[in-house]
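S.K.: Just one file: start.pdb, with PDB, C-alpha atoms and all ligand atoms.
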ATOM      1  CA  MET A 194      -4.829   8.772   3.016
ATOM      2  CA  SER A 195      -3.842   5.610   4.644
ATOM      3  CA  HIS A 196      -0.904   6.565   2.559
ATOM      4  CA  HIS A 197      -2.872   8.637   0.072
ATOM      5  CA  ALA A 198      -1.045  11.861  -0.682
ATOM      6  CA  SER A 199       1.957  10.861   1.396
ATOM      7  CA  GLY A 200       4.160  13.557  -0.145
ATOM      8  CA  PRO A 201       4.790  17.012   1.357
ATOM      9  CA  ASN A 202       1.660  18.949   2.445
ATOM     10  CA  PHE A 203      -0.686  16.167   1.348
ATOM     11  CA  GLY A 204       0.748  16.332  -2.154
ATOM     12  CA  PHE A 205       2.358  13.448  -4.013
ATOM     13  CA  PRO A 206       5.841  11.968  -3.690
ATOM     14  CA  ARG A 207       8.072  13.625  -6.295
ATOM     15  CA  GLY A 208       4.949  15.568  -7.319
ATOM     16  CA  ASP A 209       3.663  12.555  -9.252
ATOM     17  CA  ALA A 210       0.340  10.958  -8.314
ATOM     18  CA  ARG A 211       1.294   7.807 -10.226
ATOM     19  CA  LEU A 212       4.133   7.158  -7.752
ATOM     20  CA  ASP A 213       1.942   7.696  -4.684
ATOM     21  CA  MET A 214       1.273   4.436  -2.850
ATOM     22  CA  THR A 215      -2.075   4.427  -1.113
ATOM     23  CA  ASP A 216      -2.538   0.981   0.408
ATOM     24  CA  LEU A 217      -1.015  -2.476   0.640
ATOM     25  CA  TYR A 218      -3.126  -5.587   1.196
ATOM     26  CA  VAL A 219      -2.250  -9.258   1.640
ATOM     27  CA  PHE A 220      -4.771 -11.993   2.236
ATOM     28  CA  THR A 221      -5.447 -15.660   1.576
ATOM     29  CA  LYS A 222      -7.318 -16.321  -1.654
ATOM     30  CA  PRO A 223     -10.971 -16.861  -0.728
ATOM     31  CA  GLY A 224     -11.832 -20.530  -1.262
ATOM     32  CA  ASP A 225      -8.218 -21.611  -1.854
ATOM     33  CA  THR A 226      -5.890 -21.747   1.144
ATOM     34  CA  GLY A 227      -2.989 -22.690  -1.145
ATOM     35  CA  LYS A 228      -2.805 -19.228  -2.660
ATOM     36  CA  SER A 229      -2.381 -15.669  -1.493
ATOM     37  CA  VAL A 230      -3.237 -12.319  -3.017
ATOM     38  CA  ILE A 231      -1.077  -9.223  -2.711
ATOM     39  CA  VAL A 232      -2.443  -5.848  -3.772
ATOM     40  CA  LEU A 233      -0.603  -2.549  -4.046
ATOM     41  CA  ASN A 234      -2.795   0.460  -4.740
ATOM     42  CA  VAL A 235      -1.216   3.614  -6.107
ATOM     43  CA  HIS A 236      -2.316   6.765  -7.886
ATOM     44  CA  PRO A 237      -5.459   8.161  -6.239
ATOM     45  CA  SER A 238      -7.910   9.638  -8.760
ATOM     46  CA  PHE A 239      -8.335  12.861  -6.758
ATOM     47  CA  ARG A 240      -6.011  15.217  -4.933
ATOM     48  CA  LEU A 241      -6.543  15.821  -1.235
ATOM     49  CA  ASP A 242      -4.959  19.294  -1.153
ATOM     50  CA  SER A 243      -7.329  20.596  -3.854
ATOM     51  CA  PRO A 244     -10.370  18.739  -5.226
ATOM     52  CA  GLU A 245      -9.037  18.061  -8.686
ATOM     53  CA  PRO A 246      -8.632  14.840 -10.614
ATOM     54  CA  THR A 247      -5.108  13.523 -11.147
ATOM     55  CA  THR A 248      -3.778  12.261 -14.487
ATOM     56  CA  SER A 249      -5.627   9.501 -16.346
ATOM     57  CA  GLU A 250      -2.455   7.569 -17.238
ATOM     58  CA  PRO A 251      -2.495   4.765 -14.647
ATOM     59  CA  PHE A 252       1.186   4.046 -14.009
ATOM     60  CA  LYS A 253       4.491   5.814 -14.659
ATOM     61  CA  PRO A 254       6.254   4.118 -17.569
ATOM     62  CA  GLY A 255       9.714   2.846 -16.617
ATOM     63  CA  ALA A 256       9.246   3.274 -12.865
ATOM     64  CA  LEU A 257       9.331   0.172 -10.640
ATOM     65  CA  TYR A 258       6.477  -0.822  -8.350
ATOM     66  CA  GLU A 259       7.926  -3.384  -5.952
ATOM     67  CA  PHE A 260       6.592  -5.789  -3.342
ATOM     68  CA  LYS A 261       9.383  -6.599  -0.880
ATOM     69  CA  ILE A 262       9.057  -9.751   1.202
ATOM     70  CA  ASP A 263      11.132 -10.603   4.259
ATOM     71  CA  THR A 264      11.075 -14.325   5.045
ATOM     72  CA  ASN A 265      13.316 -14.434   8.142
ATOM     73  CA  GLY A 266      12.265 -11.512  10.331
ATOM     74  CA  ASP A 267      15.243  -9.186   9.864
ATOM     75  CA  ALA A 268      13.311  -6.469   7.947
ATOM     76  CA  VAL A 269      15.543  -7.043   4.926
ATOM     77  CA  ALA A 270      13.969  -8.306   1.686
ATOM     78  CA  ASP A 271      14.567 -11.899   0.550
ATOM     79  CA  ILE A 272      12.020 -11.938  -2.287
ATOM     80  CA  CYS A 273      10.885  -9.133  -4.575
ATOM     81  CA  TYR A 274       8.065  -8.921  -7.086
ATOM     82  CA  SER A 275       8.847  -6.012  -9.329
ATOM     83  CA  VAL A 276       6.294  -4.520 -11.720
ATOM     84  CA  GLN A 277       7.337  -2.266 -14.590
ATOM     85  CA  PHE A 278       5.103  -0.592 -17.171
ATOM     86  CA  ALA A 279       5.629   0.373 -20.781
ATOM     87  CA  SER A 280       3.456   2.609 -22.929
ATOM     88  CA  SER A 281       2.586   1.832 -26.497
ATOM     89  CA  GLU A 282       2.157   4.542 -29.123
ATOM     90  CA  ASN A 283      -1.614   4.678 -28.709
ATOM     91  CA  GLY A 284      -1.234   5.290 -24.970
ATOM     92  CA  LYS A 285      -2.134   1.767 -23.865
ATOM     93  CA  GLN A 286       0.072   0.384 -21.119
ATOM     94  CA  THR A 287       1.441  -3.110 -20.647
ATOM     95  CA  THR A 288       3.544  -4.560 -17.886
ATOM     96  CA  THR A 289       6.347  -6.948 -17.091
ATOM     97  CA  VAL A 290       6.511  -8.595 -13.661
ATOM     98  CA  ARG A 291       9.767 -10.035 -12.369
ATOM     99  CA  ARG A 292      10.550 -12.186  -9.354
ATOM    100  CA  THR A 293      13.889 -11.877  -7.589
ATOM    101  CA  GLN A 294      15.086 -14.047  -4.710
ATOM    102  CA  GLY A 295      18.074 -13.842  -2.375
ATOM    103  CA  ALA A 296      20.381 -10.899  -1.718
ATOM    104  CA  ARG A 297      19.442  -9.263  -5.029
ATOM    105  CA  ALA A 298      15.908  -8.769  -3.704
ATOM    106  CA  ILE A 299      17.208  -5.996  -1.412
ATOM    107  CA  GLY A 300      18.001  -3.439  -4.083
ATOM    108  CA  VAL A 301      16.420  -2.294  -7.341
ATOM    109  CA  CYS A 302      14.895  -5.382  -8.938
ATOM    110  CA  ASP A 303      14.852  -4.567 -12.638
ATOM    111  CA  ASP A 304      16.478  -7.800 -13.825
ATOM    112  CA  GLY A 305      14.815 -10.748 -12.030
ATOM    113  CA  GLU A 306      13.099 -13.770 -13.540
ATOM    114  CA  VAL A 307      10.259 -12.616 -15.788
ATOM    115  CA  ILE A 308       6.991 -14.206 -14.622
ATOM    116  CA  VAL A 309       4.706 -12.332 -17.005
ATOM    117  CA  GLN A 310       5.339 -10.087 -19.965
ATOM    118  CA  ASN A 311       3.117  -7.689 -21.917
ATOM    119  CA  ALA A 312       0.177  -8.082 -19.536
ATOM    120  CA  PRO A 313      -2.431  -5.462 -20.481
ATOM    121  CA  VAL A 314      -3.397  -2.594 -18.173
ATOM    122  CA  SER A 315      -7.119  -2.293 -17.551
ATOM    123  CA  VAL A 316      -8.918   1.063 -17.817
ATOM    124  CA  GLU A 317     -12.565   0.019 -18.306
ATOM    125  CA  ARG A 318     -15.118  -1.540 -15.946
ATOM    126  CA  GLU A 319     -14.266  -5.050 -17.039
ATOM    127  CA  ALA A 320     -11.122  -6.295 -15.310
ATOM    128  CA  LEU A 321      -8.467  -7.595 -17.707
ATOM    129  CA  VAL A 322      -6.891 -10.531 -15.856
ATOM    130  CA  THR A 323      -3.732 -12.243 -17.118
ATOM    131  CA  LYS A 324      -2.884 -15.830 -16.125
ATOM    132  CA  ALA A 325       0.653 -17.176 -16.273
ATOM    133  CA  GLY A 326       1.555 -20.485 -14.643
ATOM    134  CA  ASP A 327       0.300 -20.469 -11.042
ATOM    135  CA  TYR A 328      -0.053 -16.678 -11.097
ATOM    136  CA  ARG A 329      -2.813 -14.274 -11.933
ATOM    137  CA  PHE A 330      -2.235 -10.576 -12.511
ATOM    138  CA  PHE A 331      -4.432  -7.516 -12.609
ATOM    139  CA  LEU A 332      -3.195  -3.989 -13.293
ATOM    140  CA  GLY A 333      -5.293  -0.898 -13.764
ATOM    141  CA  TRP A 334      -8.039   1.430 -12.597
ATOM    142  CA  ARG A 335     -10.436   0.141  -9.906
ATOM    143  CA  SER A 336     -12.762   1.475  -7.241
ATOM    144  CA  ASP A 337     -10.666   2.530  -4.233
ATOM    145  CA  PRO A 338     -11.528   0.103  -1.407
ATOM    146  CA  PHE A 339     -10.150   2.467   1.245
ATOM    147  CA  PHE A 340     -12.776   4.175   3.419
ATOM    148  CA  PHE A 341     -12.324   7.157   5.710
ATOM    149  CA  ASP A 342     -14.149  10.323   6.749
ATOM    150  CA  VAL A 343     -11.231  12.519   5.683
ATOM    151  CA  ASN A 344     -13.071  15.808   6.169
ATOM    152  CA  GLY A 345     -14.071  14.792   9.682
ATOM    153  CA  ASN A 346     -10.436  14.066  10.426
ATOM    154  CA  PHE A 347      -9.347  17.511   9.221
ATOM    155  CA  ASN A 348     -12.201  18.954  11.339
ATOM    156  CA  HIS A 349     -10.639  17.961  14.703
ATOM    157  CA  MET A 350     -11.919  14.381  14.497
ATOM    158  CA  GLN A 351     -15.570  15.442  14.389
ATOM    159  CA  PHE A 352     -16.647  12.442  12.326
ATOM    160  CA  THR A 353     -19.968  12.431  10.506
ATOM    161  CA  GLY A 354     -19.529   9.201   8.532
ATOM    162  CA  ASP A 355     -18.859  11.042   5.266
ATOM    163  CA  ASP A 356     -16.675   8.641   3.290
ATOM    164  CA  PHE A 357     -14.394  10.700   1.032
ATOM    165  CA  PHE A 358     -13.425   7.576  -0.927
ATOM    166  CA  LYS A 359     -16.883   6.179  -1.732
ATOM    167  CA  ASP A 360     -16.738   7.461  -5.331
ATOM    168  CA  LYS A 361     -12.961   7.552  -5.838
ATOM    169  CA  ASN A 362     -10.726   5.363  -7.964
ATOM    170  CA  VAL A 363      -7.202   4.081  -7.625
ATOM    171  CA  CYS A 364      -4.737   2.087  -9.735
ATOM    172  CA  SER A 365      -4.285  -1.462  -8.521
ATOM    173  CA  ILE A 366      -1.504  -3.975  -8.925
ATOM    174  CA  ALA A 367      -2.924  -7.348  -7.821
ATOM    175  CA  ILE A 368      -1.006 -10.620  -7.926
ATOM    176  CA  GLU A 369      -2.372 -14.024  -6.985
ATOM    177  CA  LEU A 370       0.483 -16.378  -6.173
ATOM    178  CA  PRO A 371       1.053 -19.866  -4.768
ATOM    179  CA  ASN A 372       1.826 -19.857  -1.042
ATOM    180  CA  SER A 373       4.934 -21.923  -1.745
ATOM    181  CA  ASP A 374       6.354 -18.766  -3.357
ATOM    182  CA  LEU A 375       6.431 -17.180   0.101
ATOM    183  CA  GLY A 376       8.090 -20.092   1.897
ATOM    184  CA  SER A 377       6.451 -21.788   4.850
ATOM    185  CA  ASN A 378       6.954 -19.267   7.658
ATOM    186  CA  GLU A 379       5.349 -15.976   8.539
ATOM    187  CA  VAL A 380       6.584 -13.245   6.215
ATOM    188  CA  GLY A 381       6.790  -9.461   6.360
ATOM    189  CA  ILE A 382       5.664  -7.422   3.351
ATOM    190  CA  TRP A 383       6.085  -3.827   2.303
ATOM    191  CA  ALA A 384       5.988  -2.051  -1.021
ATOM    192  CA  ARG A 385       7.745   0.828  -2.671
ATOM    193  CA  THR A 386       7.752   2.889  -5.836
ATOM    194  CA  VAL A 387      11.095   3.615  -7.454
ATOM    195  CA  ASP A 388      11.491   6.300 -10.081
ATOM    196  CA  LYS A 389      14.157   6.391 -12.781
ATOM    197  CA  THR A 390      15.742   9.824 -12.656
ATOM    198  CA  ARG A 391      18.860  11.465 -14.057
ATOM    199  CA  GLU A 392      20.603  10.622 -10.793
ATOM    200  CA  GLY A 393      19.602   6.963 -11.098
ATOM    201  CA  TRP A 394      16.900   4.993  -9.309
ATOM    202  CA  THR A 395      15.177   6.999  -6.575
ATOM    203  CA  GLN A 396      12.700   5.576  -4.078
ATOM    204  CA  ALA A 397       9.589   7.781  -4.142
ATOM    205  CA  ASP A 398       7.300   6.116  -1.601
ATOM    206  CA  ARG A 399       7.277   3.057   0.620
ATOM    207  CA  GLY A 400       5.337   1.418   3.401
ATOM    208  CA  GLY A 401       3.573  -1.652   4.707
ATOM    209  CA  ARG A 402       1.108  -0.593   7.375
ATOM    210  CA  PRO A 403      -1.700   1.909   6.762
ATOM    211  CA  MET A 404      -1.807   5.446   8.207
ATOM    212  CA  GLN A 405       1.906   5.715   9.041
ATOM    213  CA  ALA A 406       2.486   8.926   7.066
ATOM    214  CA  VAL A 407       0.153  10.754   9.446
ATOM    215  CA  PHE A 408       2.939  10.785  12.023
ATOM    216  CA  LEU A 409       5.484  12.409   9.788
ATOM    217  CA  VAL A 410       5.959  16.051   8.950
ATOM    218  CA  GLY A 411       8.510  17.972   6.896
ATOM    219  CA  GLU A 412      11.970  16.485   6.635
ATOM    220  CA  GLN A 413      10.956  13.455   8.677
ATOM    221  CA  ARG A 414       8.459  12.545   5.986
ATOM    222  CA  GLU A 415      11.082  12.846   3.258
ATOM    223  CA  SER A 416      13.553  10.647   5.063
ATOM    224  CA  TYR A 417      10.859   8.116   5.954
ATOM    225  CA  LEU A 418       9.629   7.745   2.386
ATOM    226  CA  SER A 419      13.160   7.372   1.063
ATOM    227  CA  GLY A 420      14.281   5.018   3.846
ATOM    228  CA  ASP A 421      14.224   1.271   4.487
ATOM    229  CA  PRO A 422      12.213  -0.509   7.172
ATOM    230  CA  ALA A 423      15.399  -1.980   8.639
ATOM    231  CA  ASN A 424      16.247   1.548   9.867
ATOM    232  CA  ASP A 425      12.781   2.467  11.120
ATOM    233  CA  ASP A 426      13.823   2.555  14.789
ATOM    234  CA  ARG A 427      15.037   6.117  14.177
ATOM    235  CA  PHE A 428      11.408   7.250  13.853
ATOM    236  CA  ILE A 429      10.203   5.848  17.170
ATOM    237  CA  GLY A 430      10.786   9.206  18.859
ATOM    238  CA  VAL A 431       8.754  11.113  16.244
ATOM    239  CA  PHE A 432       5.873   8.653  16.446
ATOM    240  CA  ALA A 433       5.969   8.657  20.249
ATOM    241  CA  HIS A 434       5.861  12.455  20.328
ATOM    242  CA  GLU A 435       2.673  12.498  18.234
ATOM    243  CA  LEU A 436       1.109   9.772  20.393
ATOM    244  CA  GLU A 437       1.864  11.761  23.557
ATOM    245  CA  HIS A 438       0.466  14.921  21.998
ATOM    246  CA  THR A 439      -2.727  13.481  20.494
ATOM    247  CA  GLY A 440      -3.418  10.468  22.676
ATOM    248  CA  GLY A 441      -2.222  11.789  26.011
ATOM    249  CA  TYR A 442       0.031   8.776  26.503
ATOM    250  CA  THR A 443       2.779   8.886  29.080
ATOM    251  CA  PRO A 444       6.227   9.093  27.447
ATOM    252  CA  GLN A 445       6.896   5.482  28.341
ATOM    253  CA  ASP A 446       3.593   4.190  26.941
ATOM    254  CA  ALA A 447       3.952   6.344  23.825
ATOM    255  CA  THR A 448       7.325   4.784  23.090
ATOM    256  CA  ALA A 449       5.921   1.283  23.601
ATOM    257  CA  VAL A 450       3.053   1.953  21.164
ATOM    258  CA  ALA A 451       5.417   3.559  18.631
ATOM    259  CA  ARG A 452       7.539   0.406  18.718
ATOM    260  CA  LYS A 453       4.486  -1.618  17.690
ATOM    261  CA  LEU A 454       3.875   0.653  14.680
ATOM    262  CA  LEU A 455       7.508   0.320  13.554
ATOM    263  CA  THR A 456       9.069  -1.269  11.658
ATOM    264  CA  ASP A 457       6.651  -0.365   8.875
ATOM    265  CA  ILE A 458       6.033  -3.907   7.647
ATOM    266  CA  LEU A 459       2.779  -5.849   7.284
ATOM    267  CA  SER A 460       3.160  -9.332   8.748
ATOM    268  CA  TYR A 461       1.401 -12.252   7.107
ATOM    269  CA  ASN A 462       0.990 -15.854   8.167
ATOM    270  CA  GLN A 463      -0.665 -17.859   5.400
ATOM    271  CA  ARG A 464      -2.009 -20.422   7.907
ATOM    272  CA  GLU A 465      -3.900 -17.983  10.144
ATOM    273  CA  PRO A 466      -7.126 -16.072   9.535
ATOM    274  CA  VAL A 467      -6.422 -12.686   7.982
ATOM    275  CA  ARG A 468      -7.431  -9.533   9.790
ATOM    276  CA  TYR A 469      -5.568  -6.290  10.356
ATOM    277  CA  PRO A 470      -3.634  -5.570  12.570
ATOM    278  CA  ARG A 471      -2.930  -9.150  13.683
ATOM    279  CA  ASN A 472      -2.357 -10.794  10.332
ATOM    280  CA  GLY A 473      -2.237  -9.308   6.840
ATOM    281  CA  ARG A 474      -4.981  -6.994   5.651
ATOM    282  CA  THR A 475      -8.147  -7.594   3.633
ATOM    283  CA  LEU A 476      -9.870  -5.029   1.410
ATOM    284  CA  THR A 477     -12.601  -4.578   4.023
ATOM    285  CA  ASP A 478     -10.617  -4.400   7.287
ATOM    286  CA  ASP A 479     -11.398  -1.160   9.116
ATOM    287  CA  VAL A 480      -7.840   0.061   9.513
ATOM    288  CA  VAL A 481      -8.948   3.624  10.252
ATOM    289  CA  ASP A 482     -10.846   2.549  13.346
ATOM    290  CA  VAL A 483      -7.804   0.596  14.514
ATOM    291  CA  PHE A 484      -5.599   3.628  13.853
ATOM    292  CA  LEU A 485      -7.887   6.128  15.604
ATOM    293  CA  SER A 486      -8.122   3.928  18.688
ATOM    294  CA  VAL A 487      -4.338   3.727  18.902
ATOM    295  CA  LEU A 488      -3.693   7.400  18.077
ATOM    296  CA  THR A 489      -6.157   8.733  20.644
ATOM    297  CA  ASN A 490      -5.511   6.057  23.264
ATOM    298  CA  GLY A 491      -9.123   4.879  23.001
ATOM    299  CA  LYS A 492     -10.815   8.298  23.161
ATOM    300  CA  VAL A 493     -11.945   8.025  19.528
ATOM    301  CA  THR A 494     -12.706   4.508  18.325
ATOM    302  CA  GLY A 495     -14.072   5.057  14.836
ATOM    303  CA  ASP A 496     -15.004   7.433  12.029
ATOM    304  CA  LYS A 497     -18.522   6.014  11.489
ATOM    305  CA  VAL A 498     -17.475   4.759   8.042
ATOM    306  CA  GLY A 499     -17.385   1.080   7.085
ATOM    307  CA  PRO A 500     -16.180  -0.948   4.099
ATOM    308  CA  HIS A 501     -17.403  -0.469   0.543
ATOM    309  CA  GLY A 502     -20.050  -2.771  -0.884
ATOM    310  CA  ASP A 503     -18.517  -3.095  -4.332
ATOM    311  CA  VAL A 504     -15.694  -5.562  -3.658
ATOM    312  CA  LEU A 505     -15.901  -8.684  -5.833
ATOM    313  CA  ASP A 506     -15.840 -12.306  -4.699
ATOM    314  CA  GLU A 507     -13.312 -13.219  -7.377
ATOM    315  CA  PHE A 508      -9.950 -11.940  -8.581
ATOM    316  CA  PRO A 509      -9.026  -9.078  -8.614
ATOM    317  CA  TYR A 510     -11.583  -8.540  -5.770
ATOM    318  CA  LEU A 511     -11.469  -4.750  -6.197
ATOM    319  CA  GLY A 512     -14.693  -3.300  -7.562
ATOM    320  CA  PRO A 513     -15.037  -1.759 -11.029
ATOM    321  CA  PRO A 514     -13.924   1.872 -11.321
ATOM    322  CA  HIS A 515     -16.477   4.655 -10.866
ATOM    323  CA  ASP A 516     -17.337   6.756 -13.922
TER     324      ASP A 516
HETATM  325 CA    CA B   1      15.164 -11.067   5.406
HETATM  326 CA    CA B   2     -14.099   3.175   9.987
END
When written as structure tokens, how does the structure in this file appear?
Ligand SMILES: [Ca+2]
Ligand SMILES: [Ca+2]

M.R.:
Amino acid sequence: MSHHASGPNFGFPRGDARLDMTDLYVFTKPGDTGKSVIVLNVHPSFRLDSPEPTTSEPFKPGALYEFKIDTNGDAVADICYSVQFASSENGKQTTTVRRTQGARAIGVCDDGEVIVQNAPVSVEREALVTKAGDYRFFLGWRSDPFFFDVNGNFNHMQFTGDDFFKDKNVCSIAIELPNSDLGSNEVGIWARTVDKTREGWTQADRGGRPMQAVFLVGEQRESYLSGDPANDDRFIGVFAHELEHTGGYTPQDATAVARKLLTDILSYNQREPVRYPRNGRTLTDDVVDVFLSVLTNGKVTGDKVGPHGDVLDEFPYLGPPHD
């Protein structure tokens, strides 16, 4: 639940687990400083509001799963990688990934330059990796790298080190790309899922930084998930209120901390070491400990849970899915 179950009452956006973004990662490719890896995880294998598995179909056919990249610091996208899935008759999924640059990257990116087509979606232990030009792609079920004592959190932050996610799976979209694709400056990255509905394209979920949905209840959550980072200042008051309430911050300090959490964009400098929250996010960064320290103003500094041991040292880096 960095963003797991970010819909109403710990359910899923639009009631569809496949559209639920859980986590966004960006890091330099280990052993190759000329490339970066972006990972969007969606579709948790289990519900949080009742302990039941979600659907086995990895991704929603027709929906768009988009990485938005801001190259000039205005919180407006300049580049978009857009991932769209199709289902064959026997239920197997394949995907098309498109790259869009310039003003068209702001909106729905269903018509950019195709950088891979018919890449297979992986559902077994072995990761099906597709290479195309300077890119590598992975799409499919993997072990969820997120770690958090969720039950301890629901139990008034009485953490026992019980990692809810140690045996859970998630559906990953991983792209390895040349750094030149991102330009030469620091960039800001967020992701979103966009559903095709009768009313047209509808944004279901979005975010860059982990744990943001925790601050949002009711209508605020709806408008956050359907909004754009460029307008995130409107949520500073809501975030600050929660920080005052839980962390005992003064109103002034709470507002200052809220401003650091918004806009909801993950910044990434390809030339600097990667570690959340300073730069990007690796699969093993302990974002929960960072979050708890901020939320409680240092009264709680961790959940006694650390990273999973099943991450791989090669693409797609995420461990094989649990049975
Ligand atoms: Ca921009
Ligand atoms: Ca932790």

S.K.: For the structure shown, which residues end up in the PyMOL selection byres (((not hetatm)) within 10 of (chain B and resi 1))? Put them as a PyMOL selection string, please?

M.R.: chain A and resi 261-272+295-296+298-299+380-381+423

S.K.: Can you give me, as a list of chain:residue names, the residues this file yields under the PyMOL selection byres (((chain A and resi 418) around 8) and not hetatm)?

M.R.: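 Checking the PyMOL selection byres (((chain A and resi 418) around 8) and not hetatm) against this file, the residues are A:Gln396, A:Ala397, A:Asp398, A:Arg399, A:Gly400, A:Arg414, A:Glu415, A:Ser416, A:Tyr417, A:Ser419, A:Gly420.
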
S.K.: Take the residues just selected and output them with C-alpha atoms as a tab-separated table (two decimals), keeping the file's coordinate frame.

M.R.:
chain	number	residue	atom	x	y	z
A	396	GLN	CA	12.70	5.58	-4.08
A	397	ALA	CA	9.59	7.78	-4.14
A	398	ASP	CA	7.30	6.12	-1.60
A	399	ARG	CA	7.28	3.06	0.62
A	400	GLY	CA	5.34	1.42	3.40
A	414	ARG	CA	8.46	12.54	5.99
A	415	GLU	CA	11.08	12.85	3.26
A	416	SER	CA	13.55	10.65	5.06
A	417	TYR	CA	10.86	8.12	5.95
A	419	SER	CA	13.16	7.37	1.06
A	420	GLY	CA	14.28	5.02	3.85

S.K.: Expressed in Å to a single decimal, how great is the separation between CA of Thr448 (chain A) and atom CA of ligand CA 2 (chain B)?

M.R.: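 For CA of Thr448 (chain A) relative to atom CA of ligand CA 2 (chain B), the distance reads 25.2 Å.
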
S.K.: Do a neighbour search on Arg471 (chain A) at 10 Å with all atoms listed in the file, toss out local chain neighbours closer than 6 positions, and write the hits as a list in words.

M.R.: Leu459, Ser460, Tyr461, Asn462 and Glu465 of chain A

S.K.: Dump as a Markdown table the rows for residues of chain A within 10 Å of ligand CA 2 (chain B): closest atom pair and distance in Å with one decimal, all atoms listed in the file counted, ordered by chain and rising residue number.

M.R.:
| residue | atom | partner | partner_atom | distance |
| --- | --- | --- | --- | --- |
| A:Phe339 | CA | B:CA2 | CA | 9.6 |
| A:Phe340 | CA | B:CA2 | CA | 6.8 |
| A:Phe341 | CA | B:CA2 | CA | 6.1 |
| A:Asp342 | CA | B:CA2 | CA | 7.8 |
| A:Phe352 | CA | B:CA2 | CA | 9.9 |
| A:Gly354 | CA | B:CA2 | CA | 8.2 |
| A:Asp356 | CA | B:CA2 | CA | 9.0 |
| A:Thr477 | CA | B:CA2 | CA | 9.9 |
| A:Asp478 | CA | B:CA2 | CA | 8.8 |
| A:Asp479 | CA | B:CA2 | CA | 5.2 |
| A:Val480 | CA | B:CA2 | CA | 7.0 |
| A:Val481 | CA | B:CA2 | CA | 5.2 |
| A:Asp482 | CA | B:CA2 | CA | 4.7 |
| A:Val483 | CA | B:CA2 | CA | 8.2 |
| A:Phe484 | CA | B:CA2 | CA | 9.3 |
| A:Leu485 | CA | B:CA2 | CA | 8.9 |
| A:Thr494 | CA | B:CA2 | CA | 8.6 |
| A:Gly495 | CA | B:CA2 | CA | 5.2 |
| A:Asp496 | CA | B:CA2 | CA | 4.8 |
| A:Lys497 | CA | B:CA2 | CA | 5.5 |
| A:Val498 | CA | B:CA2 | CA | 4.2 |
| A:Gly499 | CA | B:CA2 | CA | 4.9 |
| A:Pro500 | CA | B:CA2 | CA | 7.5 |

S.K.: With C-alpha atoms kept, could you save the residues just selected as a compact mmCIF listing (two decimals), in the coordinates of the input?

M.R.:
# COMPACT_ATOMS: atom_id res chain seq x y z
CA PHE A 339 -10.15 2.47 1.25
CA PHE A 340 -12.78 4.18 3.42
CA PHE A 341 -12.32 7.16 5.71
CA ASP A 342 -14.15 10.32 6.75
CA PHE A 352 -16.65 12.44 12.33
CA GLY A 354 -19.53 9.20 8.53
CA ASP A 356 -16.68 8.64 3.29
CA THR A 477 -12.60 -4.58 4.02
CA ASP A 478 -10.62 -4.40 7.29
CA ASP A 479 -11.40 -1.16 9.12
CA VAL A 480 -7.84 0.06 9.51
CA VAL A 481 -8.95 3.62 10.25
CA ASP A 482 -10.85 2.55 13.35
CA VAL A 483 -7.80 0.60 14.51
CA PHE A 484 -5.60 3.63 13.85
CA LEU A 485 -7.89 6.13 15.60
CA THR A 494 -12.71 4.51 18.32
CA GLY A 495 -14.07 5.06 14.84
CA ASP A 496 -15.00 7.43 12.03
CA LYS A 497 -18.52 6.01 11.49
CA VAL A 498 -17.48 4.76 8.04
CA GLY A 499 -17.39 1.08 7.08
CA PRO A 500 -16.18 -0.95 4.10

S.K.: Within 9 Å of region 317-336 of chain A, which residues of region 341-398 of chain A show up? Give each one with its shortest atom-to-atom distance in Å (one decimal) and the two atoms involved, counting only C-alpha atoms, rows by chain then rising residue number, as CSV.

M.R.:
residue,atom,partner,partner_atom,distance
A:Phe358,CA,A:Ser336,CA,8.8
A:Lys359,CA,A:Ser336,CA,8.3
A:Asp360,CA,A:Ser336,CA,7.4
A:Lys361,CA,A:Ser336,CA,6.2
A:Asn362,CA,A:Ser336,CA,4.4
A:Val363,CA,A:Arg335,CA,5.6
A:Cys364,CA,A:Trp334,CA,4.4
A:Ser365,CA,A:Gly333,CA,5.4
A:Ile366,CA,A:Leu332,CA,4.7
A:Ala367,CA,A:Phe331,CA,5.0
A:Ile368,CA,A:Phe330,CA,4.7
A:Glu369,CA,A:Arg329,CA,5.0
A:Leu370,CA,A:Tyr328,CA,5.0
A:Pro371,CA,A:Asp327,CA,6.3

S.K.: Could you check how far CA of Val504 (chain A) sits from CA of Ser280 (chain A), in Å to one decimal?

M.R.: 28.4 Å

S.K.: In terms of the shortest atom-to-atom distance over only C-alpha atoms, which of A:Phe239, A:Phe220, A:Phe432, A:Phe278 is closest to Leu409 (chain A)?

M.R.: A:Phe432

S.K.: Can you translate the PyMOL selection byres (((chain A and resi 213) around 12) and not hetatm) into the concrete residues it hits in this file, as number ranges by chain?

M.R.: A: 194-201, 203-212, 214-217, 233-240, 247, 251-253, 256, 258, 363-365, 384-388, 396-400, 406, 418

S.K.: As an exercise, work out the distance from CA of Trp383 (chain A) to CA of Tyr218 (chain A) in Å and give it to one decimal place.

M.R.: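 A separation of 9.4 Å between them.
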
S.K.: My list of candidates is A:Asn346, A:Thr293, A:Asn283, A:Thr489. Which is closest to Gly440 (chain A) when distances are computed with all atoms listed in the file?

M.R.: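 Among the listed residues, the smallest separation from Gly440 (chain A) belongs to A:Thr489.
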
S.K.: Kindly provide, as lines of an AutoDock Vina configuration file, the centre and edge lengths (Å, one decimal) of an axis-aligned box around all atoms of region 452-463 of chain A given in the file, with 5 Å on each side.

M.R.:
center_x = 4.2
center_y = -8.6
center_z = 12.1
size_x = 19.7
size_y = 28.5
size_z = 23.3

S.K.: In file coordinates, which residues lie within 12 Å of (-9.4, 17.2, 7.7) using all atoms listed in the file, given as a list in words?

M.R.: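 Protein and nucleic acid residues near the point are Met194, Phe203, Leu241, Asp242, Phe341, Asp342, Val343, Asn344, Gly345, Asn346, Phe347, Asn348, His349, Met350, Gln351, Phe352, Thr353, Asp355, Phe357 and Val407 of chain A.
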